[in-house]
Amino acid sequence: MKCEASVLPERRMAELGIRLPEAQSPLAAHLPLVVANGLVFVSGHGPMNSAREPVCVGPIGSAHTVDEGAEAARLAAMSALASLRLAIGSLDYVRKVVKLNGYVLSAPGFDRQPWVIDGASSLLVDVFGPDRGPHARTSVGVAASALHLSVTVELIFAVDEAR
Amino acid sequence: MKCEASVLPERRMAELGIRLPEAQSPLAAHLPLVVANGLVFVSGHGPMNSAREPVCVGPIGSAHTVDEGAEAARLAAMSALASLRLAIGSLDYVRKVVKLNGYVLSAPGFDRQPWVIDGASSLLVDVFGPDRGPHARTSVGVAASALHLSVTVELIFAVDEAR
Amino acid sequence: MKCEASVLPERRMAELGIRLPEAQSPLAAHLPLVVANGLVFVSGHGPMNSAREPVCVGPIGSAHTVDEGAEAARLAAMSALASLRLAIGSLDYVRKVVKLNGYVLSAPGFDRQPWVIDGASSLLVDVFGPDRGPHARTSVGVAASALHLSVTVELIFAVDEAR
């Protein structure tokens with residue numbers, strides 16, 4: 001099923017059957033996000049379940065396939081959206097997905113980071129639609145990560161000032 | 001030859017004989033850049049030729065020297081500028097180069113990332129001149145990268161709202 | 001001793017006995033920071049002393065403990081604040097700490113990056129207080145870094161436009 005382009009994000013999610021996890025408090029001494037000058041800077045989020053346990057750990061390219069990595073990226077993005085919705089009240093206030101940085105825990109020589117991070121990008125386009133969803137992006141390969149999380153995503157959104 | 005400080009970027013490029021490559025579509029499911037609140041967030045760009053093939057792959061410090069890395073960083077920045085010009089129409093609309101993040105595929109123990117990324121910084125100062133060109137920057141050493149690209153650059157620009 | 005929440009940053013620092021190092025010029029061809037559209041983008045800063053020598057080099061998890069890494073992160077944040085104060089005149093103009101990216105040079109398998117970067121986060125909350133200090137954050141594990149610096153921090157602040 002495909003939503004119409006003009007459908008707002010919360011309804012799109014309902015129609016697509018996407019259910020966000022519970023928003024989680026950060027692992028350490030920081031906030032899930034900060035709103036400044038109409039932009040929302042969202043902290044790095046990993047693929048965590050509602051019990052705050054990592055869902056996918058270990059390097060992509062050895063412990064996990066690209067497809068498993070893409071699913072982890074999708075879950076990490078859902079975790080970030082849960083934080084965003086809790087903070088601003090509704091994803092309908094998002095005017096644009098601006099930027100996604102994806103950090104992929106990579107086995108030596110692994111070079112398919114963009115296809116892993118596509119898991120997060122696709123979710124964002126599903127949720128925010130063809131106008132608001134597409135975004136700028138950088139995929140980075142890292143050799144070590146917090147709790148050995150396979151993927152971490154970091155996001156910038158533009159939101160309605162008058163929300 | 002040195003341009004005057006007040007010369008606009010497009011003329012500076014012509015006078016310096018800098019020719020941008022063709023703008024390329026991203027490797028995966030995202031946009032080359034997004035404009036939000038007067039800032040342009042440009043996706044990670046690597047040193048690619050017009051046939052969309054990587055020009056410089058493998059780690060700096062083993063497969064390539066610092067100078068080769070700096071040339072790759074320069075080419076990656078040119079690729080980013082090509083995307084920017086295609087999207088906003090002219091580099092003359094750039095009010096300021098704000099931020100450059102450079103990711104350097106690094107051999108074990110390689111610690112000269114800033115001198116690699118200087119290749120991108122110098123190009124930006126050449127093109128945008130001494131007032132608009134200088135920028136904040138972070139150089140990051142990575143152990144794995146998309147398509148084994150030696151350097152990836154990611155940029156933020158401030159642009160004229162009334163362009 | 002605990003400052004009141006409403007105390008301004010410069011007085012908080014004095015009361016807490018925090019003395020910033022001298023601001024340092026960047027290692028290479030870029031600026032310490034750029035102000036654009038009410039946001040300050042601060043370049044990556046490492047733990048350097050006033051003689052511009054690295055204070056903490058080598059991987060966390062092998063050459064250094066988490067606590068040593070946290071102290072390095074704190075020093076790197078102080079170095080970034082020194083650059084910020086020199087550029088904008090007073091830390092009292094900071095309206096909000098927006099975003100911290102911390103890059104931790106990591107031994108193979110090291111997974112405690114967030115607890116290292118907490119050294120920087122704690123300093124920022126000490127200096128800017130409970131309203132302005134808390135921030136969004138991403139902690140990244142890297143396998144190589146400039147001059148083998150153990151930690152690099154990169155910051156975004158929101159500042160008073162009318163300063």
# chains A, B, ... in the order shown; residues from 1 in each chain; ligands from 1
>>> select_by_dssp(residues="chain B", states="alpha helix (DSSP H)", output="tab-separated table (two decimals) with all heavy atoms, in the first residue's frame")
chain	number	residue	atom	x	y	z
B	9	PRO	N	32.37	34.18	-6.71
B	9	PRO	CA	32.89	32.81	-6.90
B	9	PRO	C	32.89	32.32	-8.34
B	9	PRO	O	33.88	31.71	-8.77
B	9	PRO	CB	31.95	31.97	-6.02
B	9	PRO	CG	31.54	32.89	-4.93
B	9	PRO	CD	31.43	34.25	-5.56
B	10	GLU	N	31.82	32.53	-9.10
B	10	GLU	CA	31.80	31.99	-10.46
B	10	GLU	C	32.91	32.61	-11.29
B	10	GLU	O	33.58	31.91	-12.07
B	10	GLU	CB	30.43	32.20	-11.12
B	10	GLU	CG	29.27	31.44	-10.45
B	10	GLU	CD	29.27	29.93	-10.75
B	10	GLU	OE1	30.05	29.46	-11.61
B	10	GLU	OE2	28.49	29.20	-10.10
B	11	ARG	N	33.14	33.92	-11.12
B	11	ARG	CA	34.22	34.55	-11.87
B	11	ARG	C	35.58	34.11	-11.36
B	11	ARG	O	36.53	33.92	-12.14
B	11	ARG	CB	34.09	36.08	-11.81
B	11	ARG	CG	34.89	36.75	-12.94
B	11	ARG	CD	34.70	38.25	-13.00
B	11	ARG	NE	35.99	38.91	-13.16
B	11	ARG	CZ	36.26	40.14	-12.77
B	11	ARG	NH1	35.32	40.89	-12.19
B	11	ARG	NH2	37.46	40.65	-12.95
B	12	ARG	N	35.69	33.96	-10.04
B	12	ARG	CA	36.95	33.46	-9.47
B	12	ARG	C	37.31	32.11	-10.10
B	12	ARG	O	38.45	31.87	-10.47
B	12	ARG	CB	36.83	33.25	-7.96
B	12	ARG	CG	36.68	34.53	-7.17
B	12	ARG	CD	36.61	34.25	-5.67
B	12	ARG	NE	37.91	33.84	-5.17
B	12	ARG	CZ	38.86	34.67	-4.79
B	12	ARG	NH1	38.67	35.98	-4.85
B	12	ARG	NH2	40.01	34.24	-4.35
B	13	MET	N	36.32	31.22	-10.18
B	13	MET	CA	36.59	29.90	-10.75
B	13	MET	C	37.06	30.01	-12.18
B	13	MET	O	38.00	29.33	-12.59
B	13	MET	CB	35.34	29.02	-10.69
B	13	MET	CG	35.12	28.45	-9.31
B	13	MET	SD	34.20	26.90	-9.37
B	13	MET	CE	32.70	27.51	-10.07
B	14	ALA	N	36.40	30.86	-12.96
B	14	ALA	CA	36.79	31.04	-14.35
B	14	ALA	C	38.22	31.57	-14.44
B	14	ALA	O	39.05	31.06	-15.20
B	14	ALA	CB	35.82	31.98	-15.06
B	15	GLU	N	38.52	32.57	-13.62
B	15	GLU	CA	39.85	33.18	-13.68
B	15	GLU	C	40.94	32.21	-13.23
B	15	GLU	O	42.07	32.27	-13.70
B	15	GLU	CB	39.88	34.46	-12.83
B	15	GLU	CG	39.00	35.56	-13.44
B	15	GLU	CD	39.15	36.90	-12.71
B	15	GLU	OE1	39.91	36.97	-11.73
B	15	GLU	OE2	38.50	37.87	-13.17
B	16	LEU	N	40.59	31.33	-12.28
B	16	LEU	CA	41.57	30.36	-11.79
B	16	LEU	C	41.60	29.09	-12.65
B	16	LEU	O	42.39	28.18	-12.40
B	16	LEU	CB	41.26	29.98	-10.34
B	16	LEU	CG	41.44	31.11	-9.31
B	16	LEU	CD1	40.83	30.73	-7.97
B	16	LEU	CD2	42.93	31.43	-9.12
B	66	VAL	N	49.96	11.40	1.46
B	66	VAL	CA	49.20	12.57	1.91
B	66	VAL	C	48.87	13.47	0.72
B	66	VAL	O	47.74	13.97	0.61
B	66	VAL	CB	49.98	13.34	2.99
B	66	VAL	CG1	49.32	14.69	3.28
B	66	VAL	CG2	50.05	12.51	4.28
B	67	ASP	N	49.81	13.69	-0.17
B	67	ASP	CA	49.56	14.56	-1.33
B	67	ASP	C	48.48	14.00	-2.24
B	67	ASP	O	47.63	14.73	-2.75
B	67	ASP	CB	50.85	14.78	-2.14
B	67	ASP	CG	51.78	15.78	-1.46
B	67	ASP	OD1	51.35	16.42	-0.47
B	67	ASP	OD2	52.94	15.89	-1.90
B	68	GLU	N	48.52	12.69	-2.45
B	68	GLU	CA	47.45	12.07	-3.26
B	68	GLU	C	46.10	12.20	-2.54
B	68	GLU	O	45.07	12.42	-3.18
B	68	GLU	CB	47.79	10.60	-3.53
B	68	GLU	CG	48.96	10.44	-4.51
B	68	GLU	CD	49.52	9.02	-4.56
B	68	GLU	OE1	49.17	8.19	-3.68
B	68	GLU	OE2	50.34	8.74	-5.47
B	69	GLY	N	46.14	12.06	-1.23
B	69	GLY	CA	44.91	12.22	-0.45
B	69	GLY	C	44.37	13.64	-0.56
B	69	GLY	O	43.15	13.85	-0.68
B	70	ALA	N	45.27	14.62	-0.53
B	70	ALA	CA	44.84	16.02	-0.63
B	70	ALA	C	44.21	16.28	-1.99
B	70	ALA	O	43.23	17.02	-2.11
B	70	ALA	CB	46.03	16.95	-0.39
B	71	GLU	N	44.78	15.67	-3.04
B	71	GLU	CA	44.19	15.83	-4.38
B	71	GLU	C	42.80	15.16	-4.42
B	71	GLU	O	41.86	15.70	-5.01
B	71	GLU	CB	45.12	15.22	-5.43
B	71	GLU	CG	44.60	15.25	-6.85
B	71	GLU	CD	44.33	16.65	-7.40
B	71	GLU	OE1	44.86	17.64	-6.83
B	71	GLU	OE2	43.55	16.77	-8.38
B	72	ALA	N	42.67	14.01	-3.77
B	72	ALA	CA	41.36	13.34	-3.70
B	72	ALA	C	40.35	14.22	-2.94
B	72	ALA	O	39.18	14.33	-3.33
B	72	ALA	CB	41.49	11.98	-3.02
B	73	ALA	N	40.81	14.86	-1.87
B	73	ALA	CA	39.92	15.74	-1.09
B	73	ALA	C	39.48	16.93	-1.94
B	73	ALA	O	38.32	17.36	-1.90
B	73	ALA	CB	40.64	16.24	0.16
B	74	ARG	N	40.41	17.45	-2.75
B	74	ARG	CA	40.08	18.55	-3.66
B	74	ARG	C	39.03	18.11	-4.68
B	74	ARG	O	38.05	18.82	-4.92
B	74	ARG	CB	41.37	18.99	-4.37
B	74	ARG	CG	41.19	20.09	-5.38
B	74	ARG	CD	42.52	20.33	-6.14
B	74	ARG	NE	42.30	21.14	-7.32
B	74	ARG	CZ	42.29	22.45	-7.32
B	74	ARG	NH1	42.49	23.12	-6.21
B	74	ARG	NH2	42.06	23.13	-8.43
B	75	LEU	N	39.20	16.93	-5.24
B	75	LEU	CA	38.22	16.42	-6.21
B	75	LEU	C	36.86	16.17	-5.55
B	75	LEU	O	35.81	16.43	-6.15
B	75	LEU	CB	38.74	15.14	-6.86
B	75	LEU	CG	39.95	15.31	-7.77
B	75	LEU	CD1	40.47	13.93	-8.21
B	75	LEU	CD2	39.61	16.16	-9.00
B	76	ALA	N	36.88	15.67	-4.33
B	76	ALA	CA	35.61	15.43	-3.62
B	76	ALA	C	34.89	16.76	-3.39
B	76	ALA	O	33.66	16.85	-3.55
B	76	ALA	CB	35.88	14.72	-2.30
B	77	ALA	N	35.65	17.79	-3.02
B	77	ALA	CA	35.03	19.11	-2.81
B	77	ALA	C	34.47	19.65	-4.13
B	77	ALA	O	33.40	20.28	-4.15
B	77	ALA	CB	36.05	20.08	-2.22
B	78	MET	N	35.18	19.42	-5.24
B	78	MET	CA	34.67	19.88	-6.55
B	78	MET	C	33.37	19.16	-6.90
B	78	MET	O	32.44	19.76	-7.45
B	78	MET	CB	35.73	19.67	-7.62
B	78	MET	CG	36.89	20.65	-7.47
B	78	MET	SD	38.22	20.42	-8.68
B	78	MET	CE	37.42	20.97	-10.18
B	79	SER	N	33.29	17.90	-6.55
B	79	SER	CA	32.08	17.14	-6.79
B	79	SER	C	30.92	17.71	-5.95
B	79	SER	O	29.78	17.85	-6.44
B	79	SER	CB	32.36	15.68	-6.44
B	79	SER	OG	31.22	14.88	-6.61
B	80	ALA	N	31.22	18.09	-4.72
B	80	ALA	CA	30.19	18.70	-3.86
B	80	ALA	C	29.75	20.05	-4.42
B	80	ALA	O	28.55	20.37	-4.42
B	80	ALA	CB	30.73	18.86	-2.43
B	81	LEU	N	30.70	20.84	-4.91
B	81	LEU	CA	30.35	22.15	-5.50
B	81	LEU	C	29.52	21.98	-6.76
B	81	LEU	O	28.62	22.80	-7.04
B	81	LEU	CB	31.61	22.96	-5.82
B	81	LEU	CG	32.43	23.45	-4.63
B	81	LEU	CD1	33.55	24.36	-5.10
B	81	LEU	CD2	31.55	24.18	-3.61
B	82	ALA	N	29.78	20.94	-7.53
B	82	ALA	CA	28.97	20.67	-8.73
B	82	ALA	C	27.52	20.41	-8.33
B	82	ALA	O	26.59	20.93	-8.96
B	82	ALA	CB	29.55	19.49	-9.51
B	83	SER	N	27.32	19.63	-7.27
B	83	SER	CA	25.96	19.38	-6.78
B	83	SER	C	25.31	20.68	-6.31
B	83	SER	O	24.13	20.93	-6.57
B	83	SER	CB	25.99	18.40	-5.60
B	83	SER	OG	26.39	17.11	-6.02
B	84	LEU	N	26.09	21.49	-5.61
B	84	LEU	CA	25.55	22.74	-5.07
B	84	LEU	C	25.14	23.68	-6.19
B	84	LEU	O	24.04	24.26	-6.18
B	84	LEU	CB	26.62	23.40	-4.18
B	84	LEU	CG	26.22	24.73	-3.54
B	84	LEU	CD1	25.03	24.55	-2.61
B	84	LEU	CD2	27.41	25.32	-2.76
B	85	ARG	N	26.01	23.83	-7.20
B	85	ARG	CA	25.69	24.73	-8.31
B	85	ARG	C	24.45	24.28	-9.06
B	85	ARG	O	23.60	25.09	-9.41
B	85	ARG	CB	26.87	24.87	-9.26
B	85	ARG	CG	26.54	25.87	-10.37
B	85	ARG	CD	27.78	26.48	-10.99
B	85	ARG	NE	28.56	25.49	-11.71
B	85	ARG	CZ	29.66	25.77	-12.41
B	85	ARG	NH1	30.10	27.01	-12.46
B	85	ARG	NH2	30.31	24.84	-13.02
B	86	LEU	N	24.36	22.97	-9.28
B	86	LEU	CA	23.18	22.46	-9.99
B	86	LEU	C	21.90	22.76	-9.20
B	86	LEU	O	20.86	23.12	-9.76
B	86	LEU	CB	23.31	20.94	-10.19
B	86	LEU	CG	22.17	20.28	-10.96
B	86	LEU	CD1	22.15	20.75	-12.41
B	86	LEU	CD2	22.28	18.76	-10.91
B	87	ALA	N	21.97	22.67	-7.88
B	87	ALA	CA	20.76	22.83	-7.05
B	87	ALA	C	20.36	24.29	-6.87
B	87	ALA	O	19.18	24.61	-6.88
B	87	ALA	CB	20.98	22.18	-5.69
B	88	ILE	N	21.34	25.20	-6.68
B	88	ILE	CA	20.96	26.59	-6.37
B	88	ILE	C	21.20	27.53	-7.54
B	88	ILE	O	20.85	28.70	-7.46
B	88	ILE	CB	21.66	27.12	-5.08
B	88	ILE	CG1	23.17	27.30	-5.26
B	88	ILE	CG2	21.36	26.20	-3.89
B	88	ILE	CD1	23.84	28.03	-4.09
B	113	GLN	N	45.43	13.29	8.89
B	113	GLN	CA	44.14	13.60	8.26
B	113	GLN	C	43.99	15.09	7.93
B	113	GLN	O	43.49	15.42	6.85
B	113	GLN	CB	42.98	13.13	9.16
B	113	GLN	CG	42.81	11.62	9.25
B	113	GLN	CD	43.73	10.97	10.24
B	113	GLN	OE1	44.42	11.63	11.01
B	113	GLN	NE2	43.76	9.64	10.27
B	114	PRO	N	44.40	16.01	8.84
B	114	PRO	CA	44.16	17.43	8.51
B	114	PRO	C	44.86	17.88	7.24
B	114	PRO	O	44.34	18.71	6.50
B	114	PRO	CB	44.71	18.18	9.74
B	114	PRO	CG	44.59	17.18	10.86
B	114	PRO	CD	44.89	15.85	10.21
B	115	TRP	N	46.03	17.34	6.97
B	115	TRP	CA	46.77	17.75	5.78
B	115	TRP	C	46.15	17.15	4.52
B	115	TRP	O	46.27	17.71	3.44
B	115	TRP	CB	48.25	17.40	5.96
B	115	TRP	CG	48.86	18.28	7.01
B	115	TRP	CD1	49.48	19.48	6.81
B	115	TRP	CD2	48.83	18.08	8.44
B	115	TRP	NE1	49.84	20.04	8.01
B	115	TRP	CE2	49.47	19.20	9.03
B	115	TRP	CE3	48.34	17.08	9.28
B	115	TRP	CZ2	49.62	19.34	10.42
B	115	TRP	CZ3	48.48	17.22	10.66
B	115	TRP	CH2	49.12	18.34	11.21
B	116	VAL	N	45.48	16.05	4.66
B	116	VAL	CA	44.69	15.51	3.54
B	116	VAL	C	43.50	16.44	3.26
B	116	VAL	O	43.29	16.88	2.12
B	116	VAL	CB	44.20	14.08	3.87
B	116	VAL	CG1	43.20	13.60	2.81
B	116	VAL	CG2	45.38	13.12	3.97
B	117	ILE	N	42.76	16.77	4.30
B	117	ILE	CA	41.54	17.56	4.12
B	117	ILE	C	41.87	19.00	3.69
B	117	ILE	O	41.03	19.69	3.10
B	117	ILE	CB	40.68	17.51	5.40
B	117	ILE	CG1	40.26	16.05	5.67
B	117	ILE	CG2	39.42	18.35	5.26
B	117	ILE	CD1	39.52	15.39	4.52
B	118	ASP	N	43.08	19.45	3.95
B	118	ASP	CA	43.51	20.76	3.43
B	118	ASP	C	43.31	20.87	1.92
B	118	ASP	O	43.12	21.98	1.40
B	118	ASP	CB	44.99	21.02	3.75
B	118	ASP	CG	45.17	21.64	5.14
B	118	ASP	OD1	44.15	21.90	5.82
B	118	ASP	OD2	46.32	21.85	5.54
B	119	GLY	N	43.35	19.76	1.20
B	119	GLY	CA	43.11	19.81	-0.24
B	119	GLY	C	41.73	20.35	-0.56
B	119	GLY	O	41.55	21.10	-1.52
B	120	ALA	N	40.75	19.97	0.26
B	120	ALA	CA	39.38	20.49	0.08
B	120	ALA	C	39.28	21.92	0.57
B	120	ALA	O	38.67	22.78	-0.08
B	120	ALA	CB	38.38	19.60	0.83
B	121	SER	N	39.89	22.20	1.72
B	121	SER	CA	39.81	23.56	2.29
B	121	SER	C	40.43	24.59	1.34
B	121	SER	O	39.89	25.68	1.16
B	121	SER	CB	40.52	23.61	3.65
B	121	SER	OG	39.80	22.87	4.60
B	122	SER	N	41.57	24.25	0.76
B	122	SER	CA	42.24	25.20	-0.15
B	122	SER	C	41.36	25.49	-1.35
B	122	SER	O	41.26	26.65	-1.79
B	122	SER	CB	43.56	24.61	-0.65
B	122	SER	OG	44.40	24.33	0.43
B	123	LEU	N	40.74	24.46	-1.91
B	123	LEU	CA	39.86	24.70	-3.05
B	123	LEU	C	38.74	25.65	-2.67
B	123	LEU	O	38.41	26.58	-3.42
B	123	LEU	CB	39.26	23.38	-3.56
B	123	LEU	CG	38.25	23.63	-4.69
B	123	LEU	CD1	38.95	23.76	-6.02
B	123	LEU	CD2	37.16	22.58	-4.72
B	124	LEU	N	38.16	25.44	-1.49
B	124	LEU	CA	37.02	26.28	-1.07
B	124	LEU	C	37.45	27.73	-0.90
B	124	LEU	O	36.70	28.65	-1.26
B	124	LEU	CB	36.43	25.72	0.23
B	124	LEU	CG	35.75	24.35	0.07
B	124	LEU	CD1	35.49	23.72	1.42
B	124	LEU	CD2	34.45	24.48	-0.73
B	125	VAL	N	38.65	27.94	-0.38
B	125	VAL	CA	39.13	29.31	-0.22
B	125	VAL	C	39.46	29.91	-1.59
B	125	VAL	O	39.19	31.08	-1.85
B	125	VAL	CB	40.34	29.36	0.74
B	125	VAL	CG1	40.94	30.76	0.80
B	125	VAL	CG2	39.90	28.92	2.14
B	126	ASP	N	40.02	29.10	-2.49
B	126	ASP	CA	40.27	29.58	-3.87
B	126	ASP	C	38.96	30.04	-4.52
B	126	ASP	O	38.90	31.10	-5.14
B	126	ASP	CB	40.88	28.47	-4.73
B	126	ASP	CG	42.35	28.25	-4.45
B	126	ASP	OD1	42.97	29.08	-3.74
B	126	ASP	OD2	42.89	27.23	-4.92
B	127	VAL	N	37.94	29.23	-4.41
B	127	VAL	CA	36.68	29.50	-5.12
B	127	VAL	C	35.90	30.63	-4.47
B	127	VAL	O	35.38	31.52	-5.15
B	127	VAL	CB	35.81	28.22	-5.21
B	127	VAL	CG1	34.41	28.55	-5.73
B	127	VAL	CG2	36.49	27.18	-6.10
B	128	PHE	N	35.82	30.63	-3.14
B	128	PHE	CA	34.93	31.59	-2.47
B	128	PHE	C	35.67	32.80	-1.91
B	128	PHE	O	35.03	33.71	-1.37
B	128	PHE	CB	34.11	30.88	-1.40
B	128	PHE	CG	33.17	29.86	-1.97
B	128	PHE	CD1	33.46	28.50	-1.95
B	128	PHE	CD2	32.00	30.27	-2.59
B	128	PHE	CE1	32.60	27.58	-2.50
B	128	PHE	CE2	31.13	29.35	-3.16
B	128	PHE	CZ	31.44	27.99	-3.12
B	129	GLY	N	37.01	32.80	-2.03
B	129	GLY	CA	37.77	33.97	-1.62
B	129	GLY	C	37.99	34.06	-0.12
B	129	GLY	O	37.45	33.26	0.65
B	130	PRO	N	38.80	35.04	0.29
B	130	PRO	CA	39.25	35.10	1.68
B	130	PRO	C	38.16	35.49	2.68
B	130	PRO	O	38.34	35.27	3.88
B	130	PRO	CB	40.36	36.16	1.64
B	130	PRO	CG	40.10	36.97	0.41
B	130	PRO	CD	39.43	36.05	-0.57
B	131	ASP	N	37.04	36.07	2.22
B	131	ASP	CA	35.97	36.43	3.16
B	131	ASP	C	34.96	35.30	3.34
B	131	ASP	O	34.59	34.95	4.45
B	131	ASP	CB	35.25	37.69	2.68
B	131	ASP	CG	36.17	38.91	2.71
B	131	ASP	OD1	37.06	38.95	3.58
B	131	ASP	OD2	36.02	39.78	1.84
B	132	ARG	N	34.51	34.74	2.22
B	132	ARG	CA	33.46	33.73	2.28
B	132	ARG	C	34.01	32.31	2.40
B	132	ARG	O	33.28	31.39	2.79
B	132	ARG	CB	32.63	33.77	0.99
B	132	ARG	CG	32.02	35.12	0.69
B	132	ARG	CD	31.24	35.06	-0.61
B	132	ARG	NE	30.69	36.35	-0.94
B	132	ARG	CZ	29.74	36.56	-1.84
B	132	ARG	NH1	29.25	35.53	-2.52
B	132	ARG	NH2	29.28	37.77	-2.08
>>> interface_residues(of="chain C", to="chain A", cutoff="8 Å", atoms="only C-alpha atoms", output="number ranges by chain")
C: 38-39, 98-99, 106-115, 118, 121-122, 134-143, 158
>>> write_last_selection(atoms="N, CA, C and O atoms", output="short mmCIF file (atom, residue, chain, number, x, y, z; two decimals), in the first residue's frame")
data_model
loop_
_atom_site.label_atom_id
_atom_site.label_comp_id
_atom_site.auth_asym_id
_atom_site.auth_seq_id
_atom_site.Cartn_x
_atom_site.Cartn_y
_atom_site.Cartn_z
N GLY C 38 22.67 32.43 13.43
CA GLY C 38 22.43 32.25 14.87
C GLY C 38 23.03 31.00 15.46
O GLY C 38 22.91 30.76 16.67
N LEU C 39 23.65 30.19 14.63
CA LEU C 39 24.33 28.99 15.13
C LEU C 39 25.84 29.16 14.98
O LEU C 39 26.31 29.73 14.00
N VAL C 98 23.91 23.18 21.65
CA VAL C 98 22.98 22.45 20.77
C VAL C 98 23.44 21.01 20.55
O VAL C 98 22.69 20.07 20.76
N LYS C 99 24.69 20.84 20.12
CA LYS C 99 25.09 19.52 19.63
C LYS C 99 26.57 19.29 19.89
O LYS C 99 27.38 20.19 19.68
N SER C 106 39.72 4.60 19.32
CA SER C 106 39.28 3.42 20.06
C SER C 106 40.15 2.21 19.77
O SER C 106 40.42 1.89 18.61
N ALA C 107 40.56 1.52 20.83
CA ALA C 107 41.21 0.23 20.67
C ALA C 107 40.20 -0.75 20.05
O ALA C 107 38.99 -0.57 20.20
N PRO C 108 40.69 -1.77 19.34
CA PRO C 108 39.76 -2.75 18.76
C PRO C 108 38.82 -3.29 19.84
O PRO C 108 39.25 -3.67 20.92
N GLY C 109 37.53 -3.29 19.55
CA GLY C 109 36.56 -3.85 20.47
C GLY C 109 36.12 -2.90 21.58
O GLY C 109 35.22 -3.23 22.36
N PHE C 110 36.72 -1.72 21.67
CA PHE C 110 36.32 -0.77 22.72
C PHE C 110 34.91 -0.26 22.44
O PHE C 110 34.62 0.16 21.32
N ASP C 111 34.04 -0.28 23.45
CA ASP C 111 32.63 0.06 23.21
C ASP C 111 32.05 1.02 24.26
O ASP C 111 30.83 1.07 24.43
N ARG C 112 32.91 1.77 24.93
CA ARG C 112 32.43 2.68 25.98
C ARG C 112 32.58 4.15 25.58
O ARG C 112 32.77 5.02 26.43
N GLN C 113 32.51 4.45 24.28
CA GLN C 113 32.67 5.82 23.81
C GLN C 113 31.78 6.81 24.55
O GLN C 113 32.24 7.92 24.89
N PRO C 114 30.49 6.48 24.83
CA PRO C 114 29.65 7.49 25.49
C PRO C 114 30.19 7.93 26.85
O PRO C 114 30.06 9.09 27.23
N TRP C 115 30.79 7.01 27.59
CA TRP C 115 31.29 7.35 28.91
C TRP C 115 32.57 8.19 28.79
O TRP C 115 32.88 8.97 29.69
N ASP C 118 31.19 11.69 27.95
CA ASP C 118 30.57 12.31 29.13
C ASP C 118 31.50 13.34 29.80
O ASP C 118 31.02 14.27 30.44
N SER C 121 30.56 16.43 28.04
CA SER C 121 29.18 16.82 28.34
C SER C 121 29.06 17.40 29.74
O SER C 121 28.36 18.41 29.95
N SER C 122 29.73 16.78 30.71
CA SER C 122 29.66 17.27 32.09
C SER C 122 30.22 18.68 32.20
O SER C 122 29.65 19.53 32.88
N PRO C 134 22.58 21.27 28.71
CA PRO C 134 22.32 19.94 28.13
C PRO C 134 22.13 20.02 26.61
O PRO C 134 21.58 21.00 26.11
N HIS C 135 22.54 18.98 25.91
CA HIS C 135 22.71 19.05 24.46
C HIS C 135 22.47 17.70 23.81
O HIS C 135 22.54 16.66 24.46
N ALA C 136 22.22 17.72 22.51
CA ALA C 136 22.19 16.49 21.71
C ALA C 136 23.62 16.04 21.45
O ALA C 136 24.55 16.85 21.49
N ARG C 137 23.78 14.76 21.14
CA ARG C 137 25.15 14.26 21.07
C ARG C 137 25.25 12.98 20.26
O ARG C 137 24.33 12.16 20.26
N THR C 138 26.38 12.81 19.58
CA THR C 138 26.72 11.51 19.00
C THR C 138 28.15 11.19 19.36
O THR C 138 29.03 12.05 19.27
N SER C 139 28.38 9.96 19.80
CA SER C 139 29.74 9.48 20.10
C SER C 139 30.14 8.49 19.03
O SER C 139 29.41 7.54 18.75
N VAL C 140 31.30 8.73 18.43
CA VAL C 140 31.76 7.92 17.31
C VAL C 140 33.12 7.30 17.67
O VAL C 140 33.98 7.97 18.22
N GLY C 141 33.28 6.02 17.37
CA GLY C 141 34.57 5.37 17.58
C GLY C 141 35.40 5.41 16.31
O GLY C 141 34.92 4.97 15.26
N VAL C 142 36.60 5.95 16.38
CA VAL C 142 37.45 6.01 15.18
C VAL C 142 38.73 5.22 15.41
O VAL C 142 39.18 5.02 16.54
N ALA C 143 39.30 4.76 14.29
CA ALA C 143 40.48 3.90 14.36
C ALA C 143 41.77 4.68 14.11
O ALA C 143 42.86 4.14 14.28
N ALA C 158 23.88 27.69 19.95
CA ALA C 158 23.01 28.79 19.53
C ALA C 158 23.42 30.01 20.32
O ALA C 158 23.61 29.92 21.55
#
>>> select_by_dssp(residues="chain A", states="strand (DSSP E or B)", output="MDAnalysis selection string")
chainID A and resid 33:36 39:45 48 54 57 60 64 94:106 136:142 144 149 151:159
